[in-house]
Amino acid sequence: MRQIIIDCDPSPDDAVAILAALASPEELKVLAVTTVAGNVPVSLTSKNARKALELARRTEIPVYAGACAPLLRKLVTAEHVHGRTGFDGYDLPEPKIPLAKGFAADAIVDLIMQREPGEVTLCCLAPLTNIALALAKEPAIATRVKEIVLMGGAFSEGGNITPAAEFNVFVDPEAAARVLDCGAPITMIPLDCTHQALTTKARLEKLRAFGTPVTEAFYHLLKFNKIFDEQKYGWEGGPLHDATVIAYLLDPIIFSGRKVHVDVECSSMLTLGMTVVDWWSVSEKPANVQFLREISTDRYFDLVIERLGRL
Ligand SMILES: [Ca+2]
């Protein structure tokens with residue numbers, strides 16, 4: 001069984017990832033949820049994470065709030081996609097559980113260092129600010145984690161916040177660069193995969209058919225959440241980005257890719273936050289990432305929908 005920490009900025013995608021993990025107790029043990037500023041400010045991502053845990057009746061899982069701004073830059077958020085609350089589209093009750101005491105990056109360090117090497121997997125669904133801060137406090141976490149699995153970046157798909165950059169990397173490119181350089185085993189799931197994974201009407205109806213409070217809420221949240229993407233891209237549905245990280249842990253065969261070197265552009269005005277993927281190893285730099293480029297979308301949705309239906 002993998003012990004995981006989920007670092008996130010909930011929007012519904014992140015919440016689907018959290019709930020899919022909680023619905024998989026044979027494979028995953030969720031040690032904590034840590035939150036960061038990203039899709040919306042950290043006060044709201046921290047609230048949304050707790051709403052998701054209360055919906056799943058898993059209020060024993062601690063939620064630690066983390067960084068309210070990127071390492072060096074002003075925060076860029078995505079209310080234009082997710083609505084003002086980050087959770088627009090379905091009214092979940094205000095959370096009753098309090099935040100856990102302490103700062104997310106400290107909790108990440110403690111949870112990893114208190115365990116044996118290779119026990120904890122970091123699941124990163126947001127700008128990587130908390131992880132970079134944790135590495136700054138205790139660089140040894142890079143050699144203690146089993147793996148870092150992150151949703152972020154893009155290769156040939158282009159960007160979703162600028163023409164060149166994917167949102168999570170763009171918001172805190174210095175943090176992303178620090179994490180990619182840390183030496184831990186890293187698996188990266190970019191837009192090249194997630195833009196194939198669309199919440200079509202048939203998939204959302206299949207989710208709703210379970211008829212539980214969880215599936216009903218996420219039917220509406222995902223439906224609202226994907227309106228922007230449907231209009232922007234002209235697709236039938238929007239990408240379900242973040243749950244790919246949990247799906248990878250549960251069934252890695254869903255994905256394929258290769259080990260490559262990835263750098264992050266941190267200085268260009270034009271391509272800030274672009275992930276430069278050395279697919280053909282032209283730089284001969286050693287690989288720092290397992291970069292996943294293909295996804296079996298039906299298998300992905302079958303898995304995620306089945307897990308949410310358990311709750
Ligand atoms: Ca996210």
# chains A, B, ... in the order shown; residues from 1 in each chain; ligands from 1
>>> residues_near_ligand(ligand="ligand 1", cutoff="6 Å", atoms="only C-alpha atoms and all ligand atoms", output="VMD selection string")
chain A and resid 8 to 10 14 125 to 126 242
>>> select_by_dssp(residues="range 7-146 of chain A", states="strand (DSSP E)", output="PyMOL selection string")
chain A and resi 7-8+28-35+63-65+120-124
>>> closest_residue(among="A:Met274, A:Val245, A:Ile97, A:Val42", to="Ala65 in chain A", atoms="only C-alpha atoms")
A:Val42
>>> residues_around(residues="Thr194 in chain A", least_positions_apart="6", cutoff="8 Å", atoms="only C-alpha atoms", output="count of residues only")
5
>>> residues_around(residues="Leu55 in chain A", least_positions_apart="4", cutoff="12 Å", atoms="only C-alpha atoms", output="ChimeraX atom specification")
/A:15-16,18-19,22,48-51,59,91-97,212-218,308,311
>>> closest_atom_pairs(of="range 221-310 of chain A", to="range 131-152 of chain A", cutoff="12 Å", atoms="only C-alpha atoms", output="CSV")
residue,atom,partner,partner_atom,distance
A:Leu240,CA,A:Met151,CA,10.9
A:His241,CA,A:Met151,CA,7.1
A:Asp242,CA,A:Met151,CA,6.1
A:Ala243,CA,A:Met151,CA,8.7
A:Thr244,CA,A:Met151,CA,7.4
A:Val245,CA,A:Val149,CA,6.2
A:Ile246,CA,A:Val149,CA,8.7
A:Ala247,CA,A:Val149,CA,10.7
A:Tyr248,CA,A:Val149,CA,8.4
A:Leu249,CA,A:Val149,CA,8.5
A:Pro252,CA,A:Val149,CA,11.4
A:Val262,CA,A:Gly152,CA,11.5
A:Val264,CA,A:Gly152,CA,11.1
A:Gly273,CA,A:Gly152,CA,10.3
A:Met274,CA,A:Gly152,CA,10.2
A:Thr275,CA,A:Gly152,CA,8.8
A:Asn288,CA,A:Ile148,CA,11.3
A:Val289,CA,A:Ile148,CA,9.6
A:Gln290,CA,A:Val149,CA,9.3
A:Phe291,CA,A:Leu150,CA,10.1
A:Leu292,CA,A:Met151,CA,10.1
A:Arg293,CA,A:Gly152,CA,11.8
>>> write_last_selection(atoms="N, CA and C atoms", output="PDB file, in the first residue's frame")
ATOM      1  N   LEU A 240     -10.378  16.284 -17.407  1.00  0.00           N
ATOM      2  CA  LEU A 240     -10.333  15.969 -15.977  1.00  0.00           C
ATOM      3  C   LEU A 240      -8.856  15.764 -15.620  1.00  0.00           C
ATOM      4  N   HIS A 241      -8.189  16.916 -15.329  1.00  0.00           N
ATOM      5  CA  HIS A 241      -6.730  16.895 -15.226  1.00  0.00           C
ATOM      6  C   HIS A 241      -6.208  16.088 -14.030  1.00  0.00           C
ATOM      7  N   ASP A 242      -6.613  16.504 -12.829  1.00  0.00           N
ATOM      8  CA  ASP A 242      -5.832  16.126 -11.647  1.00  0.00           C
ATOM      9  C   ASP A 242      -6.014  14.691 -11.187  1.00  0.00           C
ATOM     10  N   ALA A 243      -7.169  14.115 -11.499  1.00  0.00           N
ATOM     11  CA  ALA A 243      -7.385  12.724 -11.065  1.00  0.00           C
ATOM     12  C   ALA A 243      -6.461  11.762 -11.800  1.00  0.00           C
ATOM     13  N   THR A 244      -5.781  12.231 -12.845  1.00  0.00           N
ATOM     14  CA  THR A 244      -4.808  11.361 -13.534  1.00  0.00           C
ATOM     15  C   THR A 244      -3.704  10.907 -12.587  1.00  0.00           C
ATOM     16  N   VAL A 245      -3.366  11.763 -11.620  1.00  0.00           N
ATOM     17  CA  VAL A 245      -2.274  11.418 -10.698  1.00  0.00           C
ATOM     18  C   VAL A 245      -2.662  10.195  -9.860  1.00  0.00           C
ATOM     19  N   ILE A 246      -3.877  10.189  -9.350  1.00  0.00           N
ATOM     20  CA  ILE A 246      -4.341   9.046  -8.552  1.00  0.00           C
ATOM     21  C   ILE A 246      -4.539   7.826  -9.449  1.00  0.00           C
ATOM     22  N   ALA A 247      -5.076   8.044 -10.648  1.00  0.00           N
ATOM     23  CA  ALA A 247      -5.259   6.921 -11.579  1.00  0.00           C
ATOM     24  C   ALA A 247      -3.919   6.270 -11.897  1.00  0.00           C
ATOM     25  N   TYR A 248      -2.885   7.077 -12.026  1.00  0.00           N
ATOM     26  CA  TYR A 248      -1.557   6.520 -12.306  1.00  0.00           C
ATOM     27  C   TYR A 248      -1.097   5.612 -11.161  1.00  0.00           C
ATOM     28  N   LEU A 249      -1.356   6.032  -9.936  1.00  0.00           N
ATOM     29  CA  LEU A 249      -0.954   5.205  -8.795  1.00  0.00           C
ATOM     30  C   LEU A 249      -1.753   3.902  -8.736  1.00  0.00           C
ATOM     31  N   PRO A 252      -1.086   2.073 -13.401  1.00  0.00           N
ATOM     32  CA  PRO A 252      -0.136   2.806 -14.259  1.00  0.00           C
ATOM     33  C   PRO A 252      -0.198   2.419 -15.735  1.00  0.00           C
ATOM     34  N   VAL A 262      13.481  17.374 -18.357  1.00  0.00           N
ATOM     35  CA  VAL A 262      12.544  18.497 -18.494  1.00  0.00           C
ATOM     36  C   VAL A 262      13.100  19.688 -17.727  1.00  0.00           C
ATOM     37  N   VAL A 264      12.326  24.012 -16.890  1.00  0.00           N
ATOM     38  CA  VAL A 264      11.256  25.000 -16.844  1.00  0.00           C
ATOM     39  C   VAL A 264      11.817  26.369 -17.214  1.00  0.00           C
ATOM     40  N   GLY A 273       7.252  29.706 -17.747  1.00  0.00           N
ATOM     41  CA  GLY A 273       6.540  28.526 -17.259  1.00  0.00           C
ATOM     42  C   GLY A 273       6.429  27.401 -18.270  1.00  0.00           C
ATOM     43  N   MET A 274       7.038  27.565 -19.427  1.00  0.00           N
ATOM     44  CA  MET A 274       7.014  26.490 -20.418  1.00  0.00           C
ATOM     45  C   MET A 274       7.884  25.336 -19.929  1.00  0.00           C
ATOM     46  N   THR A 275       7.398  24.121 -20.091  1.00  0.00           N
ATOM     47  CA  THR A 275       8.233  22.957 -19.792  1.00  0.00           C
ATOM     48  C   THR A 275       8.929  22.542 -21.086  1.00  0.00           C
ATOM     49  N   ASN A 288      15.353  13.492 -15.715  1.00  0.00           N
ATOM     50  CA  ASN A 288      14.919  13.827 -14.357  1.00  0.00           C
ATOM     51  C   ASN A 288      13.441  13.523 -14.131  1.00  0.00           C
ATOM     52  N   VAL A 289      12.771  13.033 -15.177  1.00  0.00           N
ATOM     53  CA  VAL A 289      11.318  12.867 -15.114  1.00  0.00           C
ATOM     54  C   VAL A 289      10.901  11.667 -15.958  1.00  0.00           C
ATOM     55  N   GLN A 290       9.929  10.915 -15.439  1.00  0.00           N
ATOM     56  CA  GLN A 290       9.179  10.013 -16.322  1.00  0.00           C
ATOM     57  C   GLN A 290       8.008  10.830 -16.876  1.00  0.00           C
ATOM     58  N   PHE A 291       8.066  11.129 -18.161  1.00  0.00           N
ATOM     59  CA  PHE A 291       7.088  12.041 -18.758  1.00  0.00           C
ATOM     60  C   PHE A 291       6.046  11.207 -19.496  1.00  0.00           C
ATOM     61  N   LEU A 292       4.799  11.266 -19.022  1.00  0.00           N
ATOM     62  CA  LEU A 292       3.736  10.444 -19.617  1.00  0.00           C
ATOM     63  C   LEU A 292       3.073  11.236 -20.742  1.00  0.00           C
ATOM     64  N   ARG A 293       2.901  10.595 -21.865  1.00  0.00           N
ATOM     65  CA  ARG A 293       2.396  11.330 -23.023  1.00  0.00           C
ATOM     66  C   ARG A 293       1.123  10.742 -23.601  1.00  0.00           C
TER      67      ARG A 293
END
>>> select_by_dssp(residues="range 72-177 of chain A", states="helix (DSSP H, G or I)", output="compact mmCIF listing (two decimals) with all heavy atoms, in the first residue's frame")
# COMPACT_ATOMS: atom_id res chain seq x y z
N GLU A 79 -10.21 31.98 -11.68
CA GLU A 79 -11.65 32.09 -11.44
C GLU A 79 -12.43 32.07 -12.76
O GLU A 79 -13.61 31.73 -12.79
CB GLU A 79 -11.99 33.37 -10.68
CG GLU A 79 -11.69 33.32 -9.19
CD GLU A 79 -10.27 33.76 -8.86
OE1 GLU A 79 -9.47 33.99 -9.80
OE2 GLU A 79 -9.95 33.87 -7.65
N HIS A 80 -11.77 32.47 -13.84
CA HIS A 80 -12.45 32.48 -15.15
C HIS A 80 -12.84 31.05 -15.57
O HIS A 80 -13.71 30.88 -16.40
CB HIS A 80 -11.56 33.13 -16.21
CG HIS A 80 -10.24 32.46 -16.43
ND1 HIS A 80 -9.23 32.47 -15.48
CD2 HIS A 80 -9.76 31.73 -17.47
CE1 HIS A 80 -8.18 31.79 -15.94
NE2 HIS A 80 -8.48 31.34 -17.14
N VAL A 81 -12.17 30.06 -14.99
CA VAL A 81 -12.51 28.67 -15.30
C VAL A 81 -13.41 28.08 -14.21
O VAL A 81 -14.42 27.44 -14.51
CB VAL A 81 -11.23 27.80 -15.40
CG1 VAL A 81 -11.60 26.36 -15.78
CG2 VAL A 81 -10.25 28.39 -16.39
N HIS A 82 -13.06 28.31 -12.94
CA HIS A 82 -13.65 27.55 -11.84
C HIS A 82 -14.70 28.33 -11.05
O HIS A 82 -15.25 27.80 -10.09
CB HIS A 82 -12.55 27.09 -10.88
CG HIS A 82 -11.47 26.32 -11.56
ND1 HIS A 82 -11.66 25.04 -12.04
CD2 HIS A 82 -10.20 26.65 -11.91
CE1 HIS A 82 -10.55 24.62 -12.62
NE2 HIS A 82 -9.65 25.58 -12.56
N ALA A 104 1.59 23.83 5.72
CA ALA A 104 1.63 22.66 4.84
C ALA A 104 3.05 22.16 4.58
O ALA A 104 3.32 20.95 4.64
CB ALA A 104 0.94 23.00 3.52
N ALA A 105 3.96 23.09 4.29
CA ALA A 105 5.32 22.64 3.95
C ALA A 105 5.99 21.96 5.14
O ALA A 105 6.74 20.98 4.97
CB ALA A 105 6.16 23.82 3.46
N ASP A 106 5.72 22.45 6.34
CA ASP A 106 6.25 21.80 7.54
C ASP A 106 5.66 20.40 7.71
O ASP A 106 6.36 19.45 8.07
CB ASP A 106 5.94 22.63 8.79
CG ASP A 106 6.64 23.98 8.79
OD1 ASP A 106 7.76 24.06 8.26
OD2 ASP A 106 6.06 24.95 9.31
N ALA A 107 4.36 20.30 7.47
CA ALA A 107 3.69 19.00 7.61
C ALA A 107 4.25 18.01 6.59
O ALA A 107 4.45 16.82 6.91
CB ALA A 107 2.18 19.17 7.42
N ILE A 108 4.52 18.47 5.38
CA ILE A 108 5.08 17.59 4.34
C ILE A 108 6.44 17.06 4.81
O ILE A 108 6.72 15.86 4.73
CB ILE A 108 5.19 18.35 3.00
CG1 ILE A 108 3.79 18.59 2.42
CG2 ILE A 108 6.07 17.59 1.99
CD1 ILE A 108 3.75 19.58 1.26
N VAL A 109 7.28 17.96 5.32
CA VAL A 109 8.60 17.53 5.82
C VAL A 109 8.43 16.52 6.94
O VAL A 109 9.04 15.44 6.93
CB VAL A 109 9.41 18.75 6.31
CG1 VAL A 109 10.65 18.29 7.08
CG2 VAL A 109 9.80 19.64 5.14
N ASP A 110 7.59 16.83 7.92
CA ASP A 110 7.45 15.95 9.08
C ASP A 110 6.90 14.58 8.68
O ASP A 110 7.41 13.54 9.12
CB ASP A 110 6.51 16.58 10.13
CG ASP A 110 7.14 17.81 10.77
OD1 ASP A 110 8.37 17.98 10.62
OD2 ASP A 110 6.40 18.59 11.40
N LEU A 111 5.87 14.57 7.84
CA LEU A 111 5.26 13.29 7.46
C LEU A 111 6.24 12.40 6.70
O LEU A 111 6.22 11.18 6.85
CB LEU A 111 4.00 13.53 6.60
CG LEU A 111 2.80 14.09 7.35
CD1 LEU A 111 1.74 14.63 6.38
CD2 LEU A 111 2.18 13.00 8.24
N ILE A 112 7.11 13.02 5.91
CA ILE A 112 8.09 12.22 5.15
C ILE A 112 9.24 11.79 6.06
O ILE A 112 9.64 10.62 6.06
CB ILE A 112 8.63 13.03 3.94
CG1 ILE A 112 7.50 13.25 2.93
CG2 ILE A 112 9.81 12.31 3.28
CD1 ILE A 112 7.84 14.23 1.82
N MET A 113 9.76 12.72 6.87
CA MET A 113 10.96 12.41 7.66
C MET A 113 10.65 11.48 8.84
O MET A 113 11.54 10.80 9.34
CB MET A 113 11.61 13.70 8.18
CG MET A 113 12.11 14.63 7.07
SD MET A 113 13.20 13.86 5.85
CE MET A 113 14.70 13.62 6.81
N THR A 129 4.59 25.31 -5.06
CA THR A 129 5.16 26.18 -4.03
C THR A 129 5.42 25.45 -2.72
O THR A 129 6.52 25.57 -2.14
CB THR A 129 4.21 27.37 -3.77
OG1 THR A 129 3.68 27.83 -5.02
CG2 THR A 129 4.92 28.48 -3.05
N ASN A 130 4.43 24.69 -2.23
CA ASN A 130 4.61 24.00 -0.95
C ASN A 130 5.76 23.00 -1.01
O ASN A 130 6.50 22.84 -0.03
CB ASN A 130 3.34 23.24 -0.56
CG ASN A 130 2.22 24.14 -0.08
OD1 ASN A 130 2.46 25.27 0.33
ND2 ASN A 130 0.99 23.63 -0.14
N ILE A 131 5.89 22.32 -2.14
CA ILE A 131 6.92 21.29 -2.26
C ILE A 131 8.30 21.96 -2.29
O ILE A 131 9.25 21.47 -1.68
CB ILE A 131 6.70 20.42 -3.53
CG1 ILE A 131 5.22 20.02 -3.67
CG2 ILE A 131 7.62 19.20 -3.50
CD1 ILE A 131 4.65 19.25 -2.53
N ALA A 132 8.40 23.07 -3.02
CA ALA A 132 9.68 23.79 -3.06
C ALA A 132 10.04 24.31 -1.68
O ALA A 132 11.22 24.26 -1.27
CB ALA A 132 9.60 24.93 -4.07
N LEU A 133 9.08 24.80 -0.93
CA LEU A 133 9.35 25.28 0.43
C LEU A 133 9.77 24.13 1.34
O LEU A 133 10.68 24.28 2.17
CB LEU A 133 8.12 25.99 1.01
CG LEU A 133 7.78 27.33 0.37
CD1 LEU A 133 6.41 27.82 0.86
CD2 LEU A 133 8.85 28.38 0.67
N ALA A 134 9.12 22.98 1.18
CA ALA A 134 9.51 21.81 1.97
C ALA A 134 10.93 21.39 1.64
O ALA A 134 11.72 21.06 2.53
CB ALA A 134 8.53 20.66 1.72
N LEU A 135 11.30 21.44 0.36
CA LEU A 135 12.67 21.10 -0.05
C LEU A 135 13.67 22.12 0.50
O LEU A 135 14.81 21.76 0.83
CB LEU A 135 12.78 21.07 -1.58
CG LEU A 135 12.20 19.82 -2.25
CD1 LEU A 135 11.98 20.08 -3.74
CD2 LEU A 135 13.12 18.62 -2.04
N ALA A 136 13.25 23.37 0.61
CA ALA A 136 14.14 24.39 1.17
C ALA A 136 14.37 24.14 2.65
O ALA A 136 15.48 24.32 3.17
CB ALA A 136 13.54 25.78 0.96
N LYS A 137 13.33 23.70 3.34
CA LYS A 137 13.48 23.44 4.77
C LYS A 137 14.28 22.16 5.03
O LYS A 137 15.13 22.13 5.92
CB LYS A 137 12.09 23.31 5.43
CG LYS A 137 12.18 23.04 6.92
CD LYS A 137 10.83 22.96 7.59
CE LYS A 137 11.03 22.74 9.09
NZ LYS A 137 9.78 22.51 9.79
N ILE A 141 14.19 15.37 2.02
CA ILE A 141 12.92 14.74 1.63
C ILE A 141 13.02 14.19 0.20
O ILE A 141 12.34 13.23 -0.14
CB ILE A 141 11.68 15.67 1.77
CG1 ILE A 141 11.78 16.88 0.86
CG2 ILE A 141 11.43 16.05 3.21
CD1 ILE A 141 10.47 17.68 0.76
N ALA A 142 13.90 14.78 -0.61
CA ALA A 142 14.02 14.30 -2.00
C ALA A 142 14.52 12.86 -2.05
O ALA A 142 14.16 12.10 -2.95
CB ALA A 142 14.96 15.20 -2.79
N THR A 143 15.35 12.49 -1.09
CA THR A 143 15.85 11.12 -1.09
C THR A 143 14.98 10.19 -0.24
O THR A 143 15.17 8.99 -0.24
CB THR A 143 17.29 11.07 -0.53
OG1 THR A 143 17.30 11.62 0.79
CG2 THR A 143 18.24 11.86 -1.42
N ARG A 144 14.04 10.76 0.49
CA ARG A 144 13.18 9.95 1.37
C ARG A 144 11.85 9.58 0.70
O ARG A 144 11.21 8.61 1.11
CB ARG A 144 12.85 10.71 2.66
CG ARG A 144 14.07 11.15 3.44
CD ARG A 144 14.57 10.10 4.36
NE ARG A 144 13.63 9.77 5.42
CZ ARG A 144 14.00 9.26 6.59
NH1 ARG A 144 15.28 9.05 6.86
NH2 ARG A 144 13.11 8.95 7.50
N PHE A 167 -0.95 25.74 -16.58
CA PHE A 167 -1.27 26.60 -15.44
C PHE A 167 -0.40 26.33 -14.20
O PHE A 167 0.16 27.25 -13.62
CB PHE A 167 -2.76 26.47 -15.11
CG PHE A 167 -3.20 27.30 -13.93
CD1 PHE A 167 -3.46 28.66 -14.09
CD2 PHE A 167 -3.34 26.76 -12.68
CE1 PHE A 167 -3.85 29.44 -13.01
CE2 PHE A 167 -3.74 27.53 -11.59
CZ PHE A 167 -3.99 28.87 -11.77
N ASN A 168 -0.35 25.06 -13.76
CA ASN A 168 0.34 24.78 -12.49
C ASN A 168 1.81 25.21 -12.53
O ASN A 168 2.35 25.70 -11.54
CB ASN A 168 0.28 23.28 -12.16
CG ASN A 168 -1.10 22.83 -11.71
OD1 ASN A 168 -1.94 23.65 -11.35
ND2 ASN A 168 -1.34 21.54 -11.78
N VAL A 169 2.45 24.99 -13.66
CA VAL A 169 3.86 25.36 -13.78
C VAL A 169 3.99 26.87 -13.95
O VAL A 169 4.87 27.51 -13.37
CB VAL A 169 4.54 24.60 -14.94
CG1 VAL A 169 6.00 25.02 -15.08
CG2 VAL A 169 4.45 23.09 -14.69
N PHE A 170 3.08 27.46 -14.71
CA PHE A 170 3.13 28.90 -14.96
C PHE A 170 2.99 29.72 -13.68
O PHE A 170 3.67 30.74 -13.51
CB PHE A 170 2.01 29.28 -15.94
CG PHE A 170 1.92 30.75 -16.22
CD1 PHE A 170 2.78 31.35 -17.12
CD2 PHE A 170 0.96 31.54 -15.58
CE1 PHE A 170 2.71 32.71 -17.38
CE2 PHE A 170 0.88 32.89 -15.83
CZ PHE A 170 1.76 33.49 -16.73
N VAL A 171 2.11 29.27 -12.78
CA VAL A 171 1.85 30.06 -11.56
C VAL A 171 3.12 30.18 -10.71
O VAL A 171 3.39 31.24 -10.16
CB VAL A 171 0.69 29.44 -10.75
CG1 VAL A 171 0.56 30.11 -9.38
CG2 VAL A 171 -0.61 29.57 -11.51
N PRO A 173 6.78 29.05 -11.60
CA PRO A 173 7.79 28.34 -12.40
C PRO A 173 9.07 28.05 -11.61
O PRO A 173 9.69 27.00 -11.80
CB PRO A 173 8.07 29.29 -13.57
CG PRO A 173 7.51 30.62 -13.17
CD PRO A 173 6.43 30.35 -12.18
N GLU A 174 9.45 28.96 -10.70
CA GLU A 174 10.67 28.72 -9.92
C GLU A 174 10.49 27.50 -9.01
O GLU A 174 11.43 26.71 -8.83
CB GLU A 174 11.04 29.95 -9.09
CG GLU A 174 11.62 31.11 -9.90
CD GLU A 174 10.59 31.94 -10.64
OE1 GLU A 174 9.38 31.80 -10.33
OE2 GLU A 174 10.97 32.74 -11.52
N ALA A 175 9.30 27.37 -8.45
CA ALA A 175 9.04 26.19 -7.61
C ALA A 175 9.08 24.92 -8.45
O ALA A 175 9.66 23.90 -8.03
CB ALA A 175 7.68 26.33 -6.92
N ALA A 176 8.49 24.97 -9.63
CA ALA A 176 8.51 23.78 -10.51
C ALA A 176 9.94 23.42 -10.88
O ALA A 176 10.32 22.24 -10.86
CB ALA A 176 7.67 24.04 -11.76
N ALA A 177 10.74 24.43 -11.20
CA ALA A 177 12.14 24.16 -11.57
C ALA A 177 12.88 23.52 -10.40
O ALA A 177 13.66 22.57 -10.58
CB ALA A 177 12.82 25.47 -11.99
>>> atom_distance(atom1="CA of Cys266 in chain A", atom2="CA of Ala165 in chain A")
11.0 Å
